[in-house]
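The file query.cif comes next; it holds mmCIF, C-alpha atoms.
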```cif
data_my_file
loop_
_atom_site.group_PDB
_atom_site.id
_atom_site.type_symbol
_atom_site.label_atom_id
_atom_site.label_comp_id
_atom_site.auth_asym_id
_atom_site.auth_seq_id
_atom_site.Cartn_x
_atom_site.Cartn_y
_atom_site.Cartn_z
ATOM 1 C CA MET A 1 2.527 79.686 -5.120
ATOM 2 C CA SER A 2 3.697 80.050 -8.670
ATOM 3 C CA VAL A 3 7.006 78.538 -9.615
ATOM 4 C CA THR A 4 9.576 81.209 -10.164
ATOM 5 C CA ASN A 5 13.201 80.827 -11.131
ATOM 6 C CA LEU A 6 14.140 82.374 -7.796
ATOM 7 C CA ALA A 7 12.126 79.860 -5.780
ATOM 8 C CA LEU A 8 13.470 76.980 -7.847
ATOM 9 C CA GLY A 9 17.038 78.237 -7.662
ATOM 10 C CA ASN A 10 16.794 78.775 -3.908
ATOM 11 C CA ALA A 11 15.316 75.316 -3.367
ATOM 12 C CA ILE A 12 18.133 73.687 -5.326
ATOM 13 C CA LYS A 13 20.807 75.737 -3.586
ATOM 14 C CA GLU A 14 19.383 75.023 -0.112
ATOM 15 C CA ALA A 15 19.155 71.284 -0.787
ATOM 16 C CA ARG A 16 22.682 71.221 -2.222
ATOM 17 C CA MET A 17 24.088 73.073 0.777
ATOM 18 C CA LYS A 18 22.266 70.788 3.257
ATOM 19 C CA GLN A 19 24.143 67.886 1.698
ATOM 20 C CA ASN A 20 27.439 69.800 1.821
ATOM 21 C CA LEU A 21 27.883 69.642 -1.931
ATOM 22 C CA SER A 22 29.714 72.333 -3.845
ATOM 23 C CA GLN A 23 28.277 73.592 -7.109
ATOM 24 C CA GLU A 24 31.160 71.890 -8.887
ATOM 25 C CA ILE A 25 30.462 68.484 -7.352
ATOM 26 C CA LEU A 26 26.685 68.642 -7.931
ATOM 27 C CA ALA A 27 27.207 69.842 -11.493
ATOM 28 C CA GLU A 28 29.532 66.904 -12.158
ATOM 29 C CA MET A 29 27.032 64.471 -10.618
ATOM 30 C CA ILE A 30 24.231 65.643 -12.922
ATOM 31 C CA GLY A 31 26.373 66.161 -16.010
ATOM 32 C CA ILE A 32 26.279 69.919 -16.452
ATOM 33 C CA SER A 33 28.876 72.643 -16.079
ATOM 34 C CA PRO A 34 29.305 74.417 -12.741
ATOM 35 C CA THR A 35 28.519 77.679 -14.534
ATOM 36 C CA HIS A 36 25.191 76.299 -15.738
ATOM 37 C CA LEU A 37 24.301 75.207 -12.193
ATOM 38 C CA LYS A 38 25.320 78.620 -10.869
ATOM 39 C CA HIS A 39 22.961 80.240 -13.390
ATOM 40 C CA ILE A 40 20.126 77.915 -12.370
ATOM 41 C CA GLU A 41 20.614 78.702 -8.680
ATOM 42 C CA SER A 42 20.891 82.439 -9.303
ATOM 43 C CA GLU A 43 17.749 82.513 -11.490
ATOM 44 C CA HIS A 44 19.485 83.394 -14.741
ATOM 45 C CA ARG A 45 18.477 80.117 -16.425
ATOM 46 C CA LYS A 46 15.793 77.499 -16.038
ATOM 47 C CA PRO A 47 16.864 73.850 -15.983
ATOM 48 C CA SER A 48 15.599 71.502 -18.651
ATOM 49 C CA ILE A 49 13.210 68.806 -17.467
ATOM 50 C CA ASP A 50 16.019 66.259 -17.810
ATOM 51 C CA VAL A 51 18.387 68.342 -15.662
ATOM 52 C CA LEU A 52 15.643 69.036 -13.116
ATOM 53 C CA PHE A 53 14.925 65.299 -12.755
ATOM 54 C CA LYS A 54 18.644 64.601 -12.301
ATOM 55 C CA ILE A 55 18.908 67.311 -9.627
ATOM 56 C CA VAL A 56 15.885 65.913 -7.774
ATOM 57 C CA LYS A 57 17.278 62.391 -7.914
ATOM 58 C CA VAL A 58 20.813 63.303 -6.825
ATOM 59 C CA LEU A 59 19.635 65.563 -4.000
ATOM 60 C CA ASN A 60 17.016 62.994 -2.943
ATOM 61 C CA LEU A 61 14.183 65.508 -3.142
ATOM 62 C CA SER A 62 10.510 65.360 -3.904
ATOM 63 C CA LEU A 63 9.715 67.142 -7.152
ATOM 64 C CA ASP A 64 6.755 68.822 -5.409
ATOM 65 C CA ASN A 65 9.015 70.148 -2.670
ATOM 66 C CA ILE A 66 11.484 71.612 -5.082
ATOM 67 C CA LEU A 67 8.869 73.129 -7.422
ATOM 68 C CA PHE A 68 6.691 74.526 -4.664
ATOM 69 C CA TRP A 69 9.498 75.389 -2.253
ATOM 70 C CA GLN A 70 8.823 78.216 0.135
ATOM 71 C CA ASN A 71 11.370 79.983 2.236
ATOM 72 C CA ASP A 72 9.352 79.318 5.358
ATOM 73 C CA ASN A 73 11.412 79.333 8.517
ATOM 74 C CA SER A 74 8.730 77.781 10.708
ATOM 75 C CA SER A 75 9.889 74.654 12.486
ATOM 76 C CA THR A 76 6.669 72.867 11.528
ATOM 77 C CA GLN A 77 7.201 73.504 7.818
ATOM 78 C CA LYS A 78 10.824 72.385 8.083
ATOM 79 C CA LEU A 79 9.713 69.126 9.715
ATOM 80 C CA ILE A 80 7.075 68.556 7.049
ATOM 81 C CA ASN A 81 9.632 69.128 4.295
ATOM 82 C CA GLU A 82 12.111 66.771 5.943
ATOM 83 C CA ILE A 83 9.438 64.075 6.318
ATOM 84 C CA ASN A 84 8.395 64.507 2.685
ATOM 85 C CA ASN A 85 11.994 64.166 1.535
ATOM 86 C CA LYS A 86 12.376 60.926 3.495
ATOM 87 C CA LEU A 87 9.051 59.531 2.251
ATOM 88 C CA TYR A 88 10.127 60.115 -1.337
ATOM 89 C CA THR A 89 12.764 57.384 -0.945
ATOM 90 C CA CYS A 90 10.435 54.751 0.543
ATOM 91 C CA THR A 91 9.069 51.715 -1.211
ATOM 92 C CA GLU A 92 5.317 51.301 -1.576
ATOM 93 C CA ASN A 93 5.286 48.723 1.219
ATOM 94 C CA GLU A 94 7.222 51.037 3.534
ATOM 95 C CA LEU A 95 4.797 53.874 2.753
ATOM 96 C CA LYS A 96 1.835 51.660 3.670
ATOM 97 C CA ILE A 97 3.447 50.791 7.001
ATOM 98 C CA ILE A 98 4.247 54.447 7.704
ATOM 99 C CA LEU A 99 0.660 55.443 6.893
ATOM 100 C CA ASP A 100 -0.675 52.776 9.263
ATOM 101 C CA VAL A 101 1.634 54.033 12.026
ATOM 102 C CA ILE A 102 0.581 57.661 11.483
ATOM 103 C CA CYS A 103 -3.113 56.727 11.524
ATOM 104 C CA SER A 104 -2.659 54.731 14.738
ATOM 105 C CA LEU A 105 -0.759 57.555 16.405
ATOM 106 C CA LYS A 106 -3.348 60.164 15.396
ATOM 107 C CA ALA A 107 -6.197 57.951 16.641
ATOM 108 C CA ASN A 108 -4.540 57.585 20.042
ATOM 109 C CA LEU A 109 -3.670 61.241 20.618
#
```
Now that the file is in, can you turn its structure into structure tokens?
Amino acid sequence: MSVTNLALGNAIKEARMKQNLSQEILAEMIGISPTHLKHIESEHRKPSIDVLFKIVKVLNLSLDNILFWQNDNSSTQKLINEINNKLYTCTENELKIILDVICSLKANL
């Protein structure tokens, strides 16, 4: 899937809304104006790399998830996205443990 402003804007908006943040609050958290954030979400502007990294960090997202976001309503895809978002915040040691658990579970299914 190619990255479009619409996909990027929708991904940011969806993540912001899931965390119950207004555009004003998120804009303040990342140091931009609410109008600029509104334009990013509505596909009128692209965020700079710096702003994109701040958005990803504040919303606790994976950069892959936000860049390759798909409006897929399947419950499986939603679970995968939620797992990816949680994994993004793990330490390397925690990721190793999680991988071991997943491998053990898959081997015993």
List, as a PDB file with C-alpha atoms, keeping the file's coordinate frame, every residue that the PyMOL selection byres ((chain A and resi 43-53) around 10) selects in the file provided.
```pdb
ATOM      1  CA  THR A   4       9.576  81.209 -10.164  1.00  0.00           C
ATOM      2  CA  ASN A   5      13.201  80.827 -11.131  1.00  0.00           C
ATOM      3  CA  LEU A   6      14.140  82.374  -7.796  1.00  0.00           C
ATOM      4  CA  ALA A   7      12.126  79.860  -5.780  1.00  0.00           C
ATOM      5  CA  LEU A   8      13.470  76.980  -7.847  1.00  0.00           C
ATOM      6  CA  GLY A   9      17.038  78.237  -7.662  1.00  0.00           C
ATOM      7  CA  ASN A  10      16.794  78.775  -3.908  1.00  0.00           C
ATOM      8  CA  ILE A  12      18.133  73.687  -5.326  1.00  0.00           C
ATOM      9  CA  ALA A  27      27.207  69.842 -11.493  1.00  0.00           C
ATOM     10  CA  ILE A  30      24.231  65.643 -12.922  1.00  0.00           C
ATOM     11  CA  GLY A  31      26.373  66.161 -16.010  1.00  0.00           C
ATOM     12  CA  ILE A  32      26.279  69.919 -16.452  1.00  0.00           C
ATOM     13  CA  HIS A  36      25.191  76.299 -15.738  1.00  0.00           C
ATOM     14  CA  LEU A  37      24.301  75.207 -12.193  1.00  0.00           C
ATOM     15  CA  LYS A  38      25.320  78.620 -10.869  1.00  0.00           C
ATOM     16  CA  HIS A  39      22.961  80.240 -13.390  1.00  0.00           C
ATOM     17  CA  ILE A  40      20.126  77.915 -12.370  1.00  0.00           C
ATOM     18  CA  GLU A  41      20.614  78.702  -8.680  1.00  0.00           C
ATOM     19  CA  SER A  42      20.891  82.439  -9.303  1.00  0.00           C
ATOM     20  CA  LYS A  54      18.644  64.601 -12.301  1.00  0.00           C
ATOM     21  CA  ILE A  55      18.908  67.311  -9.627  1.00  0.00           C
ATOM     22  CA  VAL A  56      15.885  65.913  -7.774  1.00  0.00           C
ATOM     23  CA  LYS A  57      17.278  62.391  -7.914  1.00  0.00           C
ATOM     24  CA  VAL A  58      20.813  63.303  -6.825  1.00  0.00           C
ATOM     25  CA  LEU A  59      19.635  65.563  -4.000  1.00  0.00           C
ATOM     26  CA  LEU A  61      14.183  65.508  -3.142  1.00  0.00           C
ATOM     27  CA  SER A  62      10.510  65.360  -3.904  1.00  0.00           C
ATOM     28  CA  LEU A  63       9.715  67.142  -7.152  1.00  0.00           C
ATOM     29  CA  ILE A  66      11.484  71.612  -5.082  1.00  0.00           C
ATOM     30  CA  LEU A  67       8.869  73.129  -7.422  1.00  0.00           C
TER      31      LEU A  67
END
```
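Picture a line from CA of Arg16 (chain A) to CA of Met29 (chain A); it runs 11.6 Å.
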*So which residues touch Ile98 (chain A) within 9 Å, counting all atoms listed in the file, skipping near sequence neighbours fewer than 5 positions away, as a list of chain:residue names?*
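After dropping sequence-adjacent residues, the list is A:Leu87, A:Asn93, A:Cys103.
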Please save C-alpha atoms of the selected residues as a JSON list (two decimals), keeping the file's coordinate frame.
```
[["chain", "number", "residue", "atom", "x", "y", "z"],
["A", 87, "LEU", "CA", 9.05, 59.53, 2.25],
["A", 93, "ASN", "CA", 5.29, 48.72, 1.22],
["A", 103, "CYS", "CA", -3.11, 56.73, 11.52]]
```
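Closest approach to Asn60 (chain A) among A:Gln23, A:Asn85, A:Gln77, A:Thr91 is made by A:Asn85 (distances from all atoms listed in the file).
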*So how far away is CA of Val101 (chain A) from CA of Gln19 (chain A), in Å?*
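About the pair CA of Gln19 (chain A) and CA of Val101 (chain A): they are 28.4 Å apart.
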*Have a look at CA of Asn84 (chain A) and CA of Ala11 (chain A) and let me know their distance in Å, one decimal.*
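Going from CA of Asn84 (chain A) over to CA of Ala11 (chain A) covers 14.2 Å.
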